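Since the structure comes first, as structure tokens, the remarks are kept for the end.
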Amino acid sequence: MWAEKLGKELGKPTRSLIGWMVSRFLIAYNRVLEENAVQLSGIQPGDTVLELGHGPGLGLQSAAKLLTEPTGHLIGVDFSKYMHQMASDTLKELVASGKVTLHHCDVAAMPLADSTVDKVFHCNCYYFWPDLRKGATEIHRVMKPGGLMVTTMRLRAVAAMAKKQVMPGENWRPEAYMAALRESGFSDVRMEDKQHKLLTFQAIYATASK
């Protein structure tokens with residue numbers, strides 16, 4: 001019972017005691033993964049960039065610093081109303097200026113136009129999507145031809161949580177997500193081991209072919 005409840009809160013934190021605890025965990029645990037996802041995305045100053053499942057806003061803060069040209073625009077989506085509000089408060093000045101746009105929505109139904117996004121990144125996110133193919137297809141729809149998507153994770157930790165049934169089903173497996181990406185029109189889909197100081201983590205890359 002506790003594993004299922006924790007899994008639901010990790011996937012969609014609520015405004016509750018456990019949701020607050022999850023938000024603190026995400027801030028402490030995901031910072032390195034978020035910052036590396038941003039760096040590995042190769043963001044250019046004038047890009048339109050999208051973060052999926054932005055959580056408290058750590059990755060958004062890192063990415064926003066790189067979008068120094070007037071055309072640079074950052075978009076964030078999160079299914080959790082609590083995380084949407086937390087990130088909105090954290091980045092309120094950037095949101096007010098129009099540099100950042102945040103949407104409270106499902107990754108499988110984003111209010112974005114076709115072929116408008118240069119780079120997509122996310123961290124510890126896809127395993128909570130109920131349908132990997134629908135999510136991957138929607139990501140592909142909004143990306144420009146040749147756009148790059150990067151996701152980061154600590155596979156060993158994810159597998160450990162899956163073993164305790166915190167992660168639902170088999171969606172946590174990188175092979176499942178990578179297959180969904182290929183089936184949705186992405187090419188050059190691959191996973192690489194990365195190192196940040198003493199931390200080993202994994203990065204999945206995919207290029208939007210159109």
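Starting from 1 in every chain, residues are counted up; chains themselves are A, B, ... following the order of the structure tokens, and ligands are numbered from 1 as listed.
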
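Close contacts of A:Val49, defined as residues with an atom at most 7 Å away when counting only C-alpha atoms, with chain neighbours fewer than 2 positions off set aside, comprise Asp47, Glu51, His73, Leu74, Ile75, Val117, Asp118, Lys119 and Val120 of chain A.
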
Can those selected residues be exported to a file as a short mmCIF file (atom, residue, chain, number, x, y, z; two decimals), in the first residue's frame so that it contains all heavy atoms?
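As written to disk, part-v3.cif reads:
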data_model
loop_
_atom_site.label_atom_id
_atom_site.label_comp_id
_atom_site.auth_asym_id
_atom_site.auth_seq_id
_atom_site.Cartn_x
_atom_site.Cartn_y
_atom_site.Cartn_z
N ASP A 47 16.86 29.30 -28.76
CA ASP A 47 16.01 28.10 -28.89
C ASP A 47 14.67 28.26 -28.18
O ASP A 47 14.52 29.04 -27.24
CB ASP A 47 16.72 26.88 -28.29
CG ASP A 47 17.73 26.25 -29.23
OD1 ASP A 47 17.74 26.61 -30.42
OD2 ASP A 47 18.50 25.40 -28.75
N GLU A 51 10.54 21.58 -21.08
CA GLU A 51 10.80 20.57 -20.06
C GLU A 51 9.50 19.86 -19.72
O GLU A 51 8.48 20.50 -19.44
CB GLU A 51 11.40 21.14 -18.78
CG GLU A 51 11.65 20.00 -17.77
CD GLU A 51 12.33 20.38 -16.47
OE1 GLU A 51 12.39 21.58 -16.15
OE2 GLU A 51 12.78 19.45 -15.77
N HIS A 73 12.92 30.97 -25.73
CA HIS A 73 11.66 30.79 -24.99
C HIS A 73 11.68 29.43 -24.30
O HIS A 73 12.09 28.42 -24.89
CB HIS A 73 10.47 30.88 -25.93
CG HIS A 73 9.15 30.82 -25.24
ND1 HIS A 73 8.05 30.18 -25.77
CD2 HIS A 73 8.74 31.30 -24.04
CE1 HIS A 73 7.02 30.29 -24.94
NE2 HIS A 73 7.41 30.96 -23.88
N LEU A 74 11.24 29.40 -23.05
CA LEU A 74 11.22 28.17 -22.25
C LEU A 74 9.79 27.81 -21.89
O LEU A 74 9.03 28.66 -21.42
CB LEU A 74 12.06 28.38 -20.99
CG LEU A 74 12.16 27.21 -20.00
CD1 LEU A 74 12.77 25.98 -20.66
CD2 LEU A 74 13.01 27.63 -18.79
N ILE A 75 9.44 26.55 -22.10
CA ILE A 75 8.11 26.04 -21.80
C ILE A 75 8.24 24.88 -20.83
O ILE A 75 9.12 24.04 -20.96
CB ILE A 75 7.40 25.54 -23.08
CG1 ILE A 75 7.36 26.64 -24.14
CG2 ILE A 75 5.98 25.05 -22.76
CD1 ILE A 75 7.02 26.13 -25.53
N VAL A 117 9.28 23.28 -31.23
CA VAL A 117 10.24 23.15 -30.13
C VAL A 117 11.58 22.63 -30.64
O VAL A 117 11.63 21.62 -31.36
CB VAL A 117 9.69 22.22 -29.03
CG1 VAL A 117 10.73 22.00 -27.93
CG2 VAL A 117 8.41 22.80 -28.43
N ASP A 118 12.67 23.30 -30.26
CA ASP A 118 14.02 22.88 -30.68
C ASP A 118 14.58 21.77 -29.80
O ASP A 118 15.19 20.82 -30.29
CB ASP A 118 14.98 24.07 -30.62
CG ASP A 118 14.60 25.17 -31.58
OD1 ASP A 118 14.79 24.97 -32.79
OD2 ASP A 118 14.13 26.23 -31.12
N LYS A 119 14.42 21.91 -28.47
CA LYS A 119 15.02 20.97 -27.52
C LYS A 119 13.98 20.58 -26.46
O LYS A 119 13.22 21.42 -25.99
CB LYS A 119 16.24 21.59 -26.83
CG LYS A 119 17.29 22.16 -27.79
CD LYS A 119 18.09 21.08 -28.47
CE LYS A 119 18.96 21.62 -29.59
NZ LYS A 119 19.82 22.74 -29.23
N VAL A 120 14.02 19.32 -26.08
CA VAL A 120 13.15 18.80 -25.01
C VAL A 120 14.04 18.08 -24.01
O VAL A 120 14.93 17.31 -24.40
CB VAL A 120 12.09 17.83 -25.55
CG1 VAL A 120 11.29 17.21 -24.41
CG2 VAL A 120 11.15 18.53 -26.53
#

- [ ] Pull the alpha helix (DSSP H) assignments for stretch 23-210 of chain A out of DSSP run on the backbone, and list those residues as a ChimeraX atom specification.
- [x] /A:23-40,58-64,81-90,92-97,132-142,155-163,174-183

Open item on the list: Going by DSSP on the backbone, which residues of chain A come out as strand (DSSP E)? List them as number ranges by chain.
Closed with: A: 48-52, 73-78, 100-104, 117-123, 143-153, 186-196, 199-208
